[in-house]
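A.B. asks: Pasting a structure here, questions to come.
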Amino acid sequence: MSGLRKNIYICNMISAKLENVLHLFNDEKKKKDVDLVLSTGGARGLAHIGAILQLEEMGYHIRSIAGASMGALVGGLYAAGGLGDFRDWMKTIDKKKIHQLYDFSFSLNHIVKGDRIMKALNQVVPDRNIEDLSIPFCAVAADAVSGKEIIFRKGSMYKAIRASISIPVFFNPVRQGERMYLDGGLVNPLPLNRVKRDKKALLVAVDVSGHDYKGEIMMNQLIKQRNIDHSFALAVLNKMLPHGMDLDLNYVSLLNRTYSIMIHQNTKLALKVTPPDIYVEIPMSRYSTFDFDKSERLIAIGKTKTRKMVEHFLDSGKTQIESA
């Protein structure tokens, strides 16, 4: 009899532990608050809008947000309550308007100044201080002088965004005192460790980074469009290169390739150090960094992929990290 009682006791203990595990599993799936992290990615980052819309449609509440580069732009506009206005404005953008927003520079370290784009954004959604936004928000950038990651949690939202989107070679770096800010993707392309966390909330990451071969070609075309070949300094440098080499193409392609490799490796590291509950990876090789005239298509892709990964999480209780 004592042996039977012992077996019954053991069975009850196992059953209780299983119930506790199932309870925790179900509680995790029932969480509706989200701490959201949005990656770098240029125009492909417009898919972040679709991800946000899909999360809201599925009943999730975004309580904090962090982003790098385009992720910082979308995240900041969402925290400011202006994502709808931004989306409506993007619907009016075609290739002609894109080029009108490019204030080309004849500098050797960047193609576009970036002032015209920021002025246009400020007209669509007025600037606000980050500490006054409806939810906690932060943007990350790289300090080219110290090599350190800079986290913006207060001050002008657009100054933080402009620093975070300073794509090397393309945008003029942002200078502030002794610091010179470059794109946040250089140091933390998926800032999972920077979003304000709540243990009761799900950590959701949306990643649209990845190598952009089409973007390389488009950037090279932009260089030619601004007639940089007329620069005396560049003409002298081109004369010094071996026959058949073009400084424009080699310089931009090499830097863009290096930038993409760095983003990929840093993203892999971020996912290992701070694994999200839900990881939405959107490679989108068909779209480039500069496809801003395809906003609605990119938003739709973001919605579809996010729904798929959230449903996968609800079914299995775990995230799915495939190729990172």
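Ordering of the structure tokens sets the chain letters (A, B, ...), residue numbers begin anew at 1 in every chain, and ligands are numbered from 1 in the order given.
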Which of stretch 38-235 of chain A counts as strand (DSSP E) under DSSP, as a VMD selection string please?
C.D. replies: chain A and resid 38 61 to 68 110 to 112 137 to 143 149 to 152 169 to 171 174 to 176 179 to 182 202 to 207
A.B. asks: DSSP says helix (DSSP H, G or I) for which residues of stretch 3-201 of chain A? Put them as a VMD selection string?
C.D. replies: chain A and resid 3 to 30 42 to 57 70 to 79 83 to 91 95 to 100 115 to 124 130 to 132 157 to 164 184 to 186
A.B. asks: Name the residues in contact with stretch 189-191 of chain A at a cut-off of 8 Å, using only C-alpha atoms, excluding same-chain residues fewer than 6 positions from it; report them as a compact mmCIF listing (two decimals) with all heavy atoms, in the first residue's frame.
C.D. replies:
# COMPACT_ATOMS: atom_id res chain seq x y z
N VAL A 37 10.95 46.49 -31.29
CA VAL A 37 12.27 46.89 -31.79
C VAL A 37 12.26 46.83 -33.31
O VAL A 37 11.90 45.80 -33.89
CB VAL A 37 13.38 45.98 -31.23
CG1 VAL A 37 14.74 46.41 -31.76
CG2 VAL A 37 13.37 45.99 -29.70
N LEU A 38 12.66 47.93 -33.96
CA LEU A 38 12.62 48.04 -35.41
C LEU A 38 14.02 48.24 -35.97
O LEU A 38 14.76 49.10 -35.51
CB LEU A 38 11.71 49.21 -35.82
CG LEU A 38 10.29 49.19 -35.26
CD1 LEU A 38 9.53 50.44 -35.69
CD2 LEU A 38 9.54 47.94 -35.69
N SER A 39 14.35 47.45 -36.98
CA SER A 39 15.71 47.44 -37.52
C SER A 39 15.96 48.55 -38.53
O SER A 39 15.06 49.24 -39.00
CB SER A 39 15.98 46.09 -38.20
OG SER A 39 15.37 46.07 -39.48
N THR A 40 17.23 48.65 -38.91
CA THR A 40 17.66 49.46 -40.04
C THR A 40 17.15 48.81 -41.32
O THR A 40 16.68 47.69 -41.30
CB THR A 40 19.19 49.56 -40.06
OG1 THR A 40 19.60 50.39 -41.13
CG2 THR A 40 19.84 48.20 -40.21
N ALA A 66 11.96 51.01 -29.85
CA ALA A 66 13.35 51.42 -30.11
C ALA A 66 13.66 51.11 -31.56
O ALA A 66 13.16 50.12 -32.12
CB ALA A 66 14.32 50.69 -29.19
N GLY A 67 14.49 51.94 -32.18
CA GLY A 67 14.79 51.70 -33.59
C GLY A 67 16.15 52.22 -34.00
O GLY A 67 16.74 53.09 -33.36
N ALA A 68 16.63 51.64 -35.09
CA ALA A 68 17.88 52.08 -35.71
C ALA A 68 17.57 52.52 -37.14
O ALA A 68 16.84 51.83 -37.85
CB ALA A 68 18.92 50.95 -35.73
N SER A 69 18.10 53.67 -37.54
CA SER A 69 17.95 54.16 -38.91
C SER A 69 16.46 54.29 -39.29
O SER A 69 15.72 54.98 -38.63
CB SER A 69 18.72 53.25 -39.87
OG SER A 69 18.93 53.87 -41.11
N VAL A 140 19.07 54.90 -31.94
CA VAL A 140 20.51 54.69 -31.76
C VAL A 140 21.27 55.22 -32.97
O VAL A 140 20.77 55.22 -34.09
CB VAL A 140 20.84 53.20 -31.55
CG1 VAL A 140 20.17 52.67 -30.30
CG2 VAL A 140 20.46 52.36 -32.76
N ALA A 205 10.66 41.83 -32.32
CA ALA A 205 11.66 42.44 -33.18
C ALA A 205 11.25 42.29 -34.64
O ALA A 205 10.85 41.20 -35.06
CB ALA A 205 13.02 41.80 -32.96
N ASP A 207 12.80 42.79 -38.40
CA ASP A 207 14.12 42.93 -39.02
C ASP A 207 14.00 42.93 -40.55
O ASP A 207 13.64 41.93 -41.16
CB ASP A 207 15.00 41.76 -38.57
CG ASP A 207 16.40 41.81 -39.16
OD1 ASP A 207 16.77 42.86 -39.73
OD2 ASP A 207 17.13 40.80 -39.04
N SER A 209 16.68 44.18 -42.38
CA SER A 209 18.05 44.38 -42.84
C SER A 209 18.49 43.22 -43.72
O SER A 209 17.82 42.21 -43.84
CB SER A 209 19.00 44.53 -41.65
OG SER A 209 19.04 43.33 -40.90
N ILE A 263 26.17 45.02 -40.60
CA ILE A 263 24.80 44.95 -40.11
C ILE A 263 24.39 43.50 -39.86
O ILE A 263 23.80 43.17 -38.82
CB ILE A 263 23.83 45.61 -41.12
CG1 ILE A 263 23.98 47.13 -41.07
CG2 ILE A 263 22.38 45.22 -40.82
CD1 ILE A 263 23.15 47.85 -42.10
N ASN A 266 26.20 42.08 -36.75
CA ASN A 266 25.71 42.70 -35.52
C ASN A 266 24.29 42.27 -35.19
O ASN A 266 23.92 42.15 -34.02
CB ASN A 266 25.80 44.23 -35.62
CG ASN A 266 27.21 44.75 -35.48
OD1 ASN A 266 28.09 44.04 -35.01
ND2 ASN A 266 27.44 45.98 -35.91
N THR A 267 23.48 42.02 -36.22
CA THR A 267 22.12 41.54 -36.00
C THR A 267 22.14 40.14 -35.40
O THR A 267 21.38 39.83 -34.47
CB THR A 267 21.32 41.55 -37.31
OG1 THR A 267 21.23 42.89 -37.81
CG2 THR A 267 19.90 41.02 -37.10
N ALA A 270 23.03 40.47 -31.79
CA ALA A 270 21.93 41.03 -31.00
C ALA A 270 20.88 39.97 -30.68
O ALA A 270 20.35 39.92 -29.56
CB ALA A 270 21.29 42.20 -31.75
A.B. asks: Sort by chain and increasing residue number a table of all residues of stretch 69-108 of chain A within 8 Å of stretch 112-115 of chain A, each with its closest pair of atoms and their distance in Å to one decimal, counting only C-alpha atoms, and write it as CSV.
C.D. replies:
residue,atom,partner,partner_atom,distance
A:Tyr102,CA,A:Val112,CA,6.0
A:Asp103,CA,A:Val112,CA,5.5
A:Phe104,CA,A:Val112,CA,4.5
A:Ser105,CA,A:Val112,CA,5.4
A.B. asks: Find the spatial neighbours of A:Met90, counting only C-alpha atoms, within a cut-off of 9 Å - ignore same-chain residues fewer than 4 positions away - and output them as a PyMOL selection string.
C.D. replies: chain A and resi 85-86+94+292-296
A.B. asks: Taking into account only C-alpha atoms, which residue in the set A:Leu298, A:Tyr287, A:Asn188, A:Lys196 is nearest to A:Lys268?
C.D. replies: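 Ranking A:Leu298, A:Tyr287, A:Asn188, A:Lys196 by distance to A:Lys268, first place goes to A:Asn188.
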A.B. asks: Would you list the contacts of stretch 197-202 of chain A as a list in words, taking every protein, DNA or RNA residue within 10 Å and counting only C-alpha atoms, but skipping same-chain residues closer than 4 positions in sequence?
C.D. replies: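 These residues fall inside the cut-off: Asp27, Glu28, Lys29, Lys30, Lys31, Lys32, Asp33, Val34, Asp35, Leu36, Tyr60, His61, Ile62, Arg63, Ser64, Ile65, Pro136, Leu192, Asn193, Pro276, Asp277 and Ile278 of chain A.
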